[in-house]
file start_27.csv (CSV, C-alpha atoms (C1' of nucleotides))
chain,number,residue,atom,x,y,z
J,1,MET,CA,9.5,-21.2,-24.5
J,2,LYS,CA,9.2,-23.4,-21.4
J,3,LEU,CA,9.7,-20.5,-19.0
J,4,TYR,CA,7.0,-18.5,-20.7
J,5,GLY,CA,4.6,-21.4,-20.4
J,6,SER,CA,5.3,-22.0,-16.7
J,7,MET,CA,4.9,-18.4,-15.9
J,8,GLY,CA,1.6,-18.2,-17.6
J,9,SER,CA,0.2,-21.2,-15.9
J,10,ARG,CA,1.6,-20.3,-12.5
J,11,PHE,CA,0.8,-16.6,-12.4
J,12,GLY,CA,-1.5,-15.8,-15.2
J,13,PHE,CA,-5.1,-16.1,-14.0
J,14,LEU,CA,-8.0,-13.7,-14.2
J,15,ASN,CA,-9.9,-12.2,-11.3
J,16,TRP,CA,-6.7,-12.5,-9.2
J,17,TRP,CA,-8.1,-10.1,-6.7
J,18,PRO,CA,-10.2,-12.2,-4.4
J,19,GLY,CA,-13.6,-10.9,-3.6
J,20,ASP,CA,-17.2,-11.8,-4.4
J,21,THR,CA,-18.6,-8.3,-4.6
J,22,LYS,CA,-17.5,-4.8,-5.6
J,23,ASP,CA,-18.0,-3.8,-2.0
J,24,GLU,CA,-15.6,-6.5,-0.8
J,25,ILE,CA,-13.0,-5.5,-3.3
J,26,PHE,CA,-13.3,-1.8,-2.4
J,27,ILE,CA,-13.0,-2.6,1.3
J,28,GLY,CA,-10.1,-4.9,0.7
J,29,ALA,CA,-8.3,-2.2,-1.3
J,30,ILE,CA,-8.2,-0.1,1.9
J,31,LEU,CA,-7.3,-2.9,4.2
J,32,THR,CA,-4.5,-4.2,2.1
J,33,GLN,CA,-2.5,-1.0,2.3
J,34,GLN,CA,1.1,-1.8,3.5
J,35,THR,CA,0.0,-5.2,4.8
J,36,THR,CA,0.1,-8.8,3.8
J,37,TRP,CA,-3.0,-10.3,2.2
J,38,THR,CA,-3.3,-13.1,4.9
J,39,ASN,CA,-3.8,-10.4,7.5
J,40,VAL,CA,-6.4,-8.7,5.3
J,41,GLU,CA,-8.2,-12.0,4.9
J,42,LYS,CA,-8.6,-12.3,8.7
J,43,ALA,CA,-10.1,-8.8,8.8
J,44,ILE,CA,-12.5,-9.5,5.9
J,45,SER,CA,-13.5,-12.7,7.5
J,46,ASN,CA,-14.4,-10.8,10.7
J,47,LEU,CA,-16.4,-8.2,8.7
J,48,LYS,CA,-18.2,-11.0,6.9
J,49,LYS,CA,-19.2,-12.7,10.1
J,50,SER,CA,-20.6,-9.4,11.4
J,51,LYS,CA,-22.4,-8.7,8.1
J,52,ALA,CA,-20.3,-5.6,7.8
J,53,LEU,CA,-18.7,-6.4,4.4
J,54,SER,CA,-20.5,-3.7,2.5
J,55,VAL,CA,-20.3,0.1,2.2
J,56,ARG,CA,-23.8,0.4,3.4
J,57,ALA,CA,-23.2,-1.6,6.5
J,58,LEU,CA,-20.0,0.2,7.4
J,59,SER,CA,-21.6,3.6,6.9
J,60,ARG,CA,-24.0,2.8,9.7
J,61,MET,CA,-21.5,1.2,12.1
J,62,GLU,CA,-19.6,2.7,15.0
J,63,THR,CA,-16.0,3.3,14.3
J,64,SER,CA,-15.0,1.5,17.5
J,65,ILE,CA,-16.8,-1.6,16.3
J,66,ILE,CA,-15.1,-1.5,12.9
J,67,GLU,CA,-11.7,-1.1,14.7
J,68,LYS,CA,-12.2,-4.4,16.5
J,69,LEU,CA,-13.1,-6.2,13.2
J,70,VAL,CA,-10.3,-4.9,11.1
J,71,ARG,CA,-7.6,-5.1,13.8
J,72,PRO,CA,-5.7,-8.0,12.2
J,73,SER,CA,-5.0,-6.0,9.1
J,74,GLY,CA,-2.8,-3.5,10.9
J,75,TYR,CA,-3.1,0.3,11.2
J,76,TYR,CA,-6.5,-0.7,12.4
J,77,ARG,CA,-7.5,2.7,14.0
J,78,GLN,CA,-6.6,4.6,10.8
J,79,LYS,CA,-8.3,2.0,8.5
J,80,ALA,CA,-11.5,1.9,10.6
J,81,LYS,CA,-11.8,5.6,10.6
J,82,ARG,CA,-11.2,5.9,6.9
J,83,LEU,CA,-13.6,3.1,6.1
J,84,LYS,CA,-16.3,4.7,8.1
J,85,LEU,CA,-15.8,8.1,6.5
J,86,LEU,CA,-15.5,6.7,3.0
J,87,SER,CA,-18.6,4.6,3.3
J,88,SER,CA,-20.6,7.4,4.8
J,89,THR,CA,-19.5,9.8,2.1
J,90,ILE,CA,-20.2,7.3,-0.7
J,91,MET,CA,-23.7,6.5,0.7
J,92,SER,CA,-24.7,10.1,1.2
J,93,GLU,CA,-23.3,11.5,-2.0
J,94,TYR,CA,-23.8,8.6,-4.5
J,95,GLY,CA,-26.3,6.3,-2.8
J,96,SER,CA,-24.1,3.3,-3.3
J,97,LEU,CA,-20.8,2.1,-4.7
J,98,GLU,CA,-22.5,1.5,-8.0
J,99,GLY,CA,-23.6,5.2,-8.0
J,100,LEU,CA,-20.0,6.3,-7.5
J,101,PHE,CA,-18.8,4.0,-10.2
J,102,GLY,CA,-21.3,5.5,-12.5
J,103,LEU,CA,-19.0,8.5,-12.9
J,104,GLY,CA,-16.8,8.6,-16.0
J,105,GLN,CA,-13.3,7.2,-15.7
J,106,GLU,CA,-11.5,10.6,-15.3
J,107,ALA,CA,-14.1,11.9,-12.8
J,108,LEU,CA,-14.0,8.7,-10.8
J,109,ARG,CA,-10.3,8.7,-10.4
J,110,LYS,CA,-10.3,12.4,-9.4
J,111,THR,CA,-13.1,11.8,-6.9
J,112,LEU,CA,-11.4,8.8,-5.4
J,113,LEU,CA,-8.1,10.6,-5.1
J,114,GLY,CA,-9.9,13.4,-3.3
J,115,MET,CA,-11.0,11.1,-0.5
J,116,LYS,CA,-9.0,10.6,2.6
J,117,GLY,CA,-7.3,7.2,2.7
J,118,ILE,CA,-7.3,6.7,-1.1
J,119,GLY,CA,-4.0,7.4,-2.8
J,120,PRO,CA,-3.0,6.5,-6.4
J,121,GLU,CA,-2.5,2.8,-6.0
J,122,THR,CA,-5.7,2.3,-4.0
J,123,ALA,CA,-7.7,4.4,-6.4
J,124,ASP,CA,-6.4,2.4,-9.4
J,125,SER,CA,-7.0,-0.9,-7.6
J,126,ILE,CA,-10.6,0.0,-6.9
J,127,MET,CA,-11.1,1.3,-10.4
J,128,LEU,CA,-9.6,-1.8,-12.1
J,129,TYR,CA,-10.7,-4.6,-9.9
J,130,ALA,CA,-14.0,-3.3,-8.5
J,131,ALA,CA,-15.3,-0.9,-11.2
J,132,GLY,CA,-13.6,-2.7,-14.2
J,133,LYS,CA,-12.1,0.4,-15.6
J,134,PRO,CA,-8.9,0.1,-17.8
J,135,THR,CA,-6.5,1.9,-15.5
J,136,PHE,CA,-3.0,0.4,-14.8
J,137,VAL,CA,-2.1,-0.3,-11.1
J,138,ILE,CA,1.4,0.5,-10.0
J,139,ASP,CA,2.6,-1.0,-6.8
J,140,ALA,CA,5.9,-1.4,-5.0
J,141,TYR,CA,6.6,-4.7,-6.9
J,142,THR,CA,5.9,-3.1,-10.2
J,143,LYS,CA,8.2,-0.2,-9.5
J,144,ARG,CA,11.0,-2.5,-8.2
J,145,ILE,CA,10.8,-4.9,-11.0
J,146,MET,CA,10.7,-2.2,-13.7
J,147,TYR,CA,13.7,-0.6,-12.1
J,148,ARG,CA,15.7,-3.8,-11.9
J,149,VAL,CA,14.7,-5.3,-15.2
J,150,PHE,CA,13.9,-2.4,-17.5
J,151,GLY,CA,15.9,0.3,-16.0
J,152,THR,CA,13.2,2.8,-15.2
J,153,PRO,CA,14.3,5.4,-12.6
J,154,ALA,CA,14.2,4.0,-9.0
J,155,ASN,CA,12.1,6.8,-7.8
J,156,ILE,CA,10.0,7.4,-10.8
J,157,ASP,CA,6.7,9.0,-9.9
J,158,TYR,CA,3.5,7.0,-9.9
J,159,ASP,CA,1.7,8.6,-12.9
J,160,SER,CA,4.8,8.5,-15.1
J,161,LEU,CA,5.3,4.8,-14.6
J,162,LYS,CA,1.6,4.2,-15.1
J,163,GLU,CA,1.8,6.1,-18.4
J,164,VAL,CA,4.6,3.8,-19.5
J,165,PHE,CA,2.2,0.9,-19.5
J,166,GLU,CA,-1.0,2.6,-20.6
J,167,SER,CA,0.7,4.1,-23.6
J,168,ALA,CA,2.1,0.8,-24.6
J,169,LEU,CA,-0.8,-1.5,-24.1
J,170,PRO,CA,-4.4,-1.7,-25.3
J,171,LYS,CA,-6.9,-0.4,-22.8
J,172,ASN,CA,-8.1,-3.8,-21.7
J,173,PRO,CA,-9.1,-4.3,-18.1
J,174,ALA,CA,-8.5,-8.1,-18.2
J,175,LEU,CA,-5.0,-7.5,-19.6
J,176,TYR,CA,-4.3,-4.9,-16.9
J,177,LYS,CA,-5.5,-7.2,-14.1
J,178,ASP,CA,-3.5,-10.2,-15.3
J,179,PHE,CA,-0.4,-8.0,-15.8
J,180,HIS,CA,-0.5,-6.5,-12.4
J,181,ALA,CA,-1.2,-9.9,-10.8
J,182,GLN,CA,2.0,-11.2,-12.5
J,183,PHE,CA,4.1,-8.4,-11.1
J,184,VAL,CA,2.9,-9.1,-7.6
J,185,GLU,CA,3.4,-12.8,-7.9
J,186,LEU,CA,6.8,-12.4,-9.5
J,187,GLY,CA,7.8,-9.9,-6.9
J,188,LYS,CA,6.7,-12.1,-4.0
J,189,SER,CA,8.6,-15.1,-5.2
J,190,HIS,CA,11.8,-13.4,-6.4
J,191,CYS,CA,12.2,-9.8,-5.7
J,192,LYS,CA,13.2,-9.6,-2.1
J,193,THR,CA,15.5,-12.5,-1.7
J,194,LYS,CA,16.9,-12.6,-5.2
J,195,PRO,CA,17.1,-9.1,-6.7
J,196,LEU,CA,16.0,-9.1,-10.3
J,197,CYS,CA,18.5,-8.2,-13.0
J,198,ASN,CA,18.9,-9.0,-16.6
J,199,HIS,CA,20.4,-12.3,-15.7
J,200,CYS,CA,17.8,-13.3,-13.2
J,201,PRO,CA,15.7,-16.3,-14.3
J,202,ALA,CA,12.6,-14.2,-13.5
J,203,PHE,CA,13.4,-11.9,-16.4
J,204,GLY,CA,12.5,-14.7,-18.8
J,205,LEU,CA,9.5,-15.6,-16.8
J,206,CYS,CA,7.6,-12.4,-17.4
J,207,LYS,CA,5.4,-13.2,-20.4
J,208,TYR,CA,4.8,-9.5,-21.0
J,209,ALA,CA,8.4,-8.5,-21.0
J,210,GLY,CA,8.5,-7.9,-24.7
J,211,GLN,CA,5.5,-5.6,-24.6
J,212,VAL,CA,7.0,-3.0,-22.3
J,213,PRO,CA,9.2,-0.3,-23.7
J,214,THR,CA,12.7,-0.4,-22.4
J,215,GLY,CA,15.3,2.3,-21.7
J,216,HIS,CA,13.2,4.7,-19.6
G,1,DG,C1',14.6,-10.3,18.5
G,2,DT,C1',14.5,-7.9,13.8
G,3,DC,C1',12.4,-6.8,9.5
G,4,DC,C1',8.7,-5.5,6.7
G,5,DA,C1',4.4,-6.2,3.9
G,6,DG,C1',-0.2,-5.4,-2.8
G,7,DG,C1',0.3,3.0,1.1
G,8,DG,C1',-1.1,7.3,2.4
G,9,DC,C1',-1.4,11.4,5.4
G,10,DC,C1',0.6,15.0,8.1
G,11,DT,C1',4.3,17.9,9.4
G,12,DA,C1',8.6,20.4,9.0
G,13,DC,C1',12.2,22.3,6.6
Z,1,DG,C1',7.8,20.4,-3.1
Z,2,DT,C1',9.8,16.8,-0.7
Z,3,DA,C1',12.1,14.2,2.9
Z,4,DG,C1',10.9,12.1,7.3
Z,5,DG,C1',7.7,10.3,10.8
Z,6,DC,C1',3.7,7.9,11.9
Z,7,DC,C1',0.3,4.3,11.7
Z,8,DA,C1',0.2,-1.5,13.8
Z,9,DT,C1',-0.6,-6.6,13.1
Z,10,DG,C1',1.3,-11.0,12.0
Z,11,DG,C1',4.5,-14.0,9.5
Z,12,DA,C1',9.3,-15.1,8.1

call {"tool": "encode", "arguments": {"input": "start_27.csv", "output": "structure tokens"}}
result
Amino acid sequence: MKLYGSMGSRFGFLNWWPGDTKDEIFIGAILTQQTTWTNVEKAISNLKKSKALSVRALSRMETSIIEKLVRPSGYYRQKAKRLKLLSSTIMSEYGSLEGLFGLGQEALRKTLLGMKGIGPETADSIMLYAAGKPTFVIDAYTKRIMYRVFGTPANIDYDSLKEVFESALPKNPALYKDFHAQFVELGKSHCKTKPLCNHCPAFGLCKYAGQVPTGH
DNA sequence: GTCCAGGGCCTAC
DNA sequence: GTAGGCCATGGA
């Protein structure tokens, strides 16, 4: 199918989450909360210039300095405070981000969720894109598209929707990454202005459509 | 000028 | 346990 092919080449690419290091992805996961990625890029650029784009550096930095650097990403006081606390905690308890990621998948998710500033989506983003664990990321686009195209409840809770995917797909990080990336790209280009439905061209564009159980 | 983005926390019923 | 308020910049 032509639509399938165009979708694959337009949206389907690996390592969709930008970031050269695990630290950068971890920090980006906090910064991107409820914000556009272009704003996050400005903040990351500032951090990089100040050699503060690592958990170790942030743990030693004054919160007021971090505030100035992450300001473009919005909610900058909250995010600076959380980055500082998260970094300090990770350094003192695990020695490094790698140390934290050394935990088993279940323990890691539980630990991340116990930290202030890390909710379900951020935890899963960190685990999938920084730690490479096979955990499916649910975001606003995923929820919206699943509701409109596959009829899942509009206010389905996070873990239930996550389970829909994880029970239907092989536990493959590369697949999960690509899949999530496609939801975001599809959502960005269609979801807001042209609500998805069974007749929306976007329905046919999702190359994974057939793999997801319907009727939930 | 208005709306809202790749959320999450805190507080009040 | 859950609805509502709050955090805040920048682009459309």

call {"tool": "residues_around", "arguments": {"input": "start_27.csv", "residues": "G:DG8", "least_positions_apart": "6", "cutoff": "8 Å", "atoms": "only C-alpha atoms (C1' of nucleotides)", "output": "list in words"}}
result
Gly117, Ile118 and Gly119 of chain J

call {"tool": "atom_distance", "arguments": {"input": "start_27.csv", "atom1": "atom CA of J:Pro18", "atom2": "atom CA of J:Leu169"}}
result
24.3 Å

call {"tool": "closest_residue", "arguments": {"input": "start_27.csv", "among": "J:Ser73, J:Ser59, J:Ser50, J:Gln34", "to": "chain Z", "atoms": "all atoms listed in the file"}}
result
J:Ser73

call {"tool": "closest_atom_pairs", "arguments": {"input": "start_27.csv", "of": "chain G", "to": "chain J", "cutoff": "12 Å", "atoms": "all atoms listed in the file", "output": "Markdown table"}}
result
| residue | atom | partner | partner_atom | distance |
| --- | --- | --- | --- | --- |
| G:DC3 | C1' | J:Lys192 | CA | 12.0 |
| G:DC4 | C1' | J:Thr35 | CA | 8.9 |
| G:DA5 | C1' | J:Thr35 | CA | 4.6 |
| G:DG6 | C1' | J:Asp139 | CA | 6.6 |
| G:DG7 | C1' | J:Gln33 | CA | 5.0 |
| G:DG8 | C1' | J:Gly119 | CA | 6.0 |
| G:DC9 | C1' | J:Gly117 | CA | 7.7 |
| G:DC10 | C1' | J:Lys116 | CA | 11.9 |

call {"tool": "interface_residues", "arguments": {"input": "start_27.csv", "of": "chain J", "to": "chain Z", "cutoff": "6 Å", "atoms": "all atoms listed in the file", "output": "list in words"}}
result
Pro72, Ser73, Gly74 and Tyr75 of chain J

call {"tool": "atom_distance", "arguments": {"input": "start_27.csv", "atom1": "atom CA of J:Lys110", "atom2": "atom CA of J:Ala123"}}
result
8.9 Å

call {"tool": "closest_residue", "arguments": {"input": "start_27.csv", "among": "J:Ser167, J:Ser189, J:Thr38, J:Thr63", "to": "J:Lys79", "atoms": "only C-alpha atoms"}}
result
J:Thr63

call {"tool": "residues_around", "arguments": {"input": "start_27.csv", "residues": "J:Ser64", "least_positions_apart": "4", "cutoff": "9 Å", "atoms": "only C-alpha atoms (C1' of nucleotides)", "output": "PyMOL selection string"}}
result
chain J and resi 68+77+80-81

call {"tool": "write_last_selection", "arguments": {"input": "start_27.csv", "atoms": "C-alpha atoms", "output": "tab-separated table (two decimals), in the coordinates of the input"}}
result
chain	number	residue	atom	x	y	z
J	68	LYS	CA	-12.20	-4.40	16.50
J	77	ARG	CA	-7.50	2.70	14.00
J	80	ALA	CA	-11.50	1.90	10.60
J	81	LYS	CA	-11.80	5.60	10.60

call {"tool": "atom_distance", "arguments": {"input": "start_27.csv", "atom1": "atom CA of J:Pro173", "atom2": "atom CA of J:Met115"}}
result
23.5 Å

call {"tool": "closest_residue", "arguments": {"input": "start_27.csv", "among": "J:Gly114, J:Arg148, J:Ser96, J:Lys177", "to": "J:Lys133", "atoms": "only C-alpha atoms"}}
result
J:Lys177
